[in-house]
Amino acid sequence: MTEVGRDPREARVPLGIAEVTGPSMYPTLVHGDQLLVQYRAPVKAGDVAVLKHPLQQDLLIVKRLVERRDGGWWVLGDNPAAEGDSRVFGTVPDELLLARVLGRYRPRGEGQRSVGATLAWLASAVRPVLADRSVSRRLRAR
């Protein structure tokens, strides 16, 4: 995930744009999706958030906040087959949480030129990214 713009702590406007790279949040987010994010937003379990990677803080990641634990947030990607979440690096401290994801914009694909494809893209291109309230329950069921 790459952020576009300046350091979020210096942002005067609490909104920003980020881009998804990689498969860890599939099917909710796919590689190339553009995200509308809100800095310093209140978060809760189930929200999708932009965070600094706890082991490589110059790397930004997008993960779902699963639950509060001692030391921060337990975060998981929506794709259980992808690595690179709290199963690998543990909890993410609060100070590394940068923004809550509000919505996503899926850029138009190369092959989407027909009227039908364009209409299908328009219907699905911009969507809110909603909290998944079942994530804590799924974690406890494992």
# chains A, B, ... in the order shown; residues from 1 in each chain; ligands from 1
$ residues_around --residues "Glu110 of chain A" --least-positions-apart "5" --cutoff "12 Å" --atoms "only C-alpha atoms" --output "compact mmCIF listing (two decimals) with C-alpha atoms, in the first residue's frame"
# COMPACT_ATOMS: atom_id res chain seq x y z
CA ALA A 117 -18.93 -3.20 -19.28
CA THR A 118 -18.90 0.54 -18.62
CA TRP A 121 -18.00 -0.69 -13.83
$ residues_around --residues "Ser24 of chain A" --least-positions-apart "6" --cutoff "10 Å" --atoms "only C-alpha atoms" --output "short mmCIF file (atom, residue, chain, number, x, y, z; two decimals) with N, CA and C atoms, in the first residue's frame"
data_model
loop_
_atom_site.label_atom_id
_atom_site.label_comp_id
_atom_site.auth_asym_id
_atom_site.auth_seq_id
_atom_site.Cartn_x
_atom_site.Cartn_y
_atom_site.Cartn_z
N VAL A 30 -8.77 -4.90 -3.95
CA VAL A 30 -7.88 -5.58 -4.89
C VAL A 30 -6.73 -4.67 -5.26
N HIS A 31 -5.67 -5.28 -5.75
CA HIS A 31 -4.49 -4.55 -6.18
C HIS A 31 -4.90 -3.43 -7.15
N ILE A 61 0.54 -0.32 5.46
CA ILE A 61 -0.26 -1.51 5.17
C ILE A 61 -1.73 -1.19 5.39
N VAL A 62 -2.59 -1.95 4.74
CA VAL A 62 -4.04 -1.85 4.92
C VAL A 62 -4.50 -3.19 5.47
N LYS A 63 -5.13 -3.14 6.63
CA LYS A 63 -5.61 -4.37 7.28
C LYS A 63 -6.92 -4.09 7.99
N LEU A 76 -5.81 -8.32 10.69
CA LEU A 76 -5.76 -9.42 9.73
C LEU A 76 -6.13 -8.89 8.36
N GLY A 77 -5.59 -9.53 7.33
CA GLY A 77 -6.05 -9.29 5.97
C GLY A 77 -7.32 -10.10 5.75
N ASP A 78 -8.15 -9.68 4.81
CA ASP A 78 -9.37 -10.42 4.51
C ASP A 78 -9.10 -11.71 3.74
N ASN A 79 -7.92 -11.82 3.14
CA ASN A 79 -7.52 -13.01 2.40
C ASN A 79 -6.72 -13.91 3.33
N PRO A 80 -7.31 -15.00 3.83
CA PRO A 80 -6.61 -15.84 4.80
C PRO A 80 -5.36 -16.52 4.23
N ALA A 81 -5.25 -16.62 2.91
CA ALA A 81 -4.09 -17.26 2.31
C ALA A 81 -2.88 -16.31 2.22
N ALA A 82 -3.12 -15.01 2.35
CA ALA A 82 -2.02 -14.03 2.26
C ALA A 82 -1.40 -13.83 3.63
N GLU A 83 -0.09 -13.68 3.65
CA GLU A 83 0.62 -13.44 4.91
C GLU A 83 0.84 -11.95 5.11
N GLY A 84 1.41 -11.61 6.25
CA GLY A 84 1.77 -10.22 6.50
C GLY A 84 0.78 -9.49 7.37
N ASP A 85 0.29 -10.15 8.40
CA ASP A 85 -0.62 -9.50 9.34
C ASP A 85 -0.20 -9.90 10.76
#
$ closest_residue --among "A:Val37, A:Ala125, A:Leu29, A:Leu15" --to "Val50 of chain A" --atoms "only C-alpha atoms"
A:Val37
$ residues_around --residues "Gly90 of chain A" --least-positions-apart "5" --cutoff "12 Å" --atoms "only C-alpha atoms" --output "list of chain:residue names"
A:His53, A:Pro54, A:Leu55, A:Glu67, A:Arg68, A:Arg69, A:Asp70, A:Gly71, A:Gly72, A:Trp73, A:Trp74, A:Val75, A:Leu76, A:Gly84, A:Asp85
$ write_last_selection --atoms "C-alpha atoms" --output "short mmCIF file (atom, residue, chain, number, x, y, z; two decimals), in the first residue's frame"
data_model
loop_
_atom_site.label_atom_id
_atom_site.label_comp_id
_atom_site.auth_asym_id
_atom_site.auth_seq_id
_atom_site.Cartn_x
_atom_site.Cartn_y
_atom_site.Cartn_z
CA HIS A 53 4.05 -1.85 9.52
CA PRO A 54 5.34 -2.54 13.06
CA LEU A 55 8.61 -4.11 11.85
CA GLU A 67 -9.72 -6.62 18.27
CA ARG A 68 -7.92 -4.58 20.91
CA ARG A 69 -5.26 -6.49 22.80
CA ASP A 70 -2.51 -5.56 25.21
CA GLY A 71 -0.10 -3.49 23.17
CA GLY A 72 -2.44 -2.43 20.37
CA TRP A 73 -4.63 -3.82 17.61
CA TRP A 74 -4.71 -7.37 16.29
CA VAL A 75 -5.04 -6.94 12.51
CA LEU A 76 -5.76 -9.42 9.73
CA GLY A 84 1.77 -10.22 6.50
CA ASP A 85 -0.62 -9.50 9.34
#
$ select_by_dssp --residues "segment 78-142 of chain A" --states "alpha helix (DSSP H)" --output "PyMOL selection string"
chain A and resi 86-89+115-124+135-141
$ select_by_dssp --residues "segment 47-99 of chain A" --states "strand (DSSP E)" --output "PyMOL selection string"
chain A and resi 48-52+60-69+72-76+97-99
$ residues_around --residues "Asp47 of chain A" --least-positions-apart "5" --cutoff "6 Å" --atoms "only C-alpha atoms" --output "NGL selection string"
:A and (64-65 or 131)
$ closest_residue --among "A:Val66, A:Val126, A:Val13, A:Leu51" --to "Leu98 of chain A" --atoms "only C-alpha atoms"
A:Leu51
$ atom_distance --atom1 "atom CA of Pro27 of chain A" --atom2 "atom CA of Ala120 of chain A"
17.3 Å
$ closest_residue --among "A:Arg113, A:Leu102, A:Glu95, A:Ser124" --to "Lys52 of chain A" --atoms "only C-alpha atoms"
A:Glu95
$ atom_distance --atom1 "atom CA of Gly46 of chain A" --atom2 "atom CA of Arg108 of chain A"
27.7 Å
$ residues_around --residues "Pro128 of chain A" --least-positions-apart "2" --cutoff "9 Å" --atoms "only C-alpha atoms" --output "ChimeraX atom specification"
/A:101-105,126,130
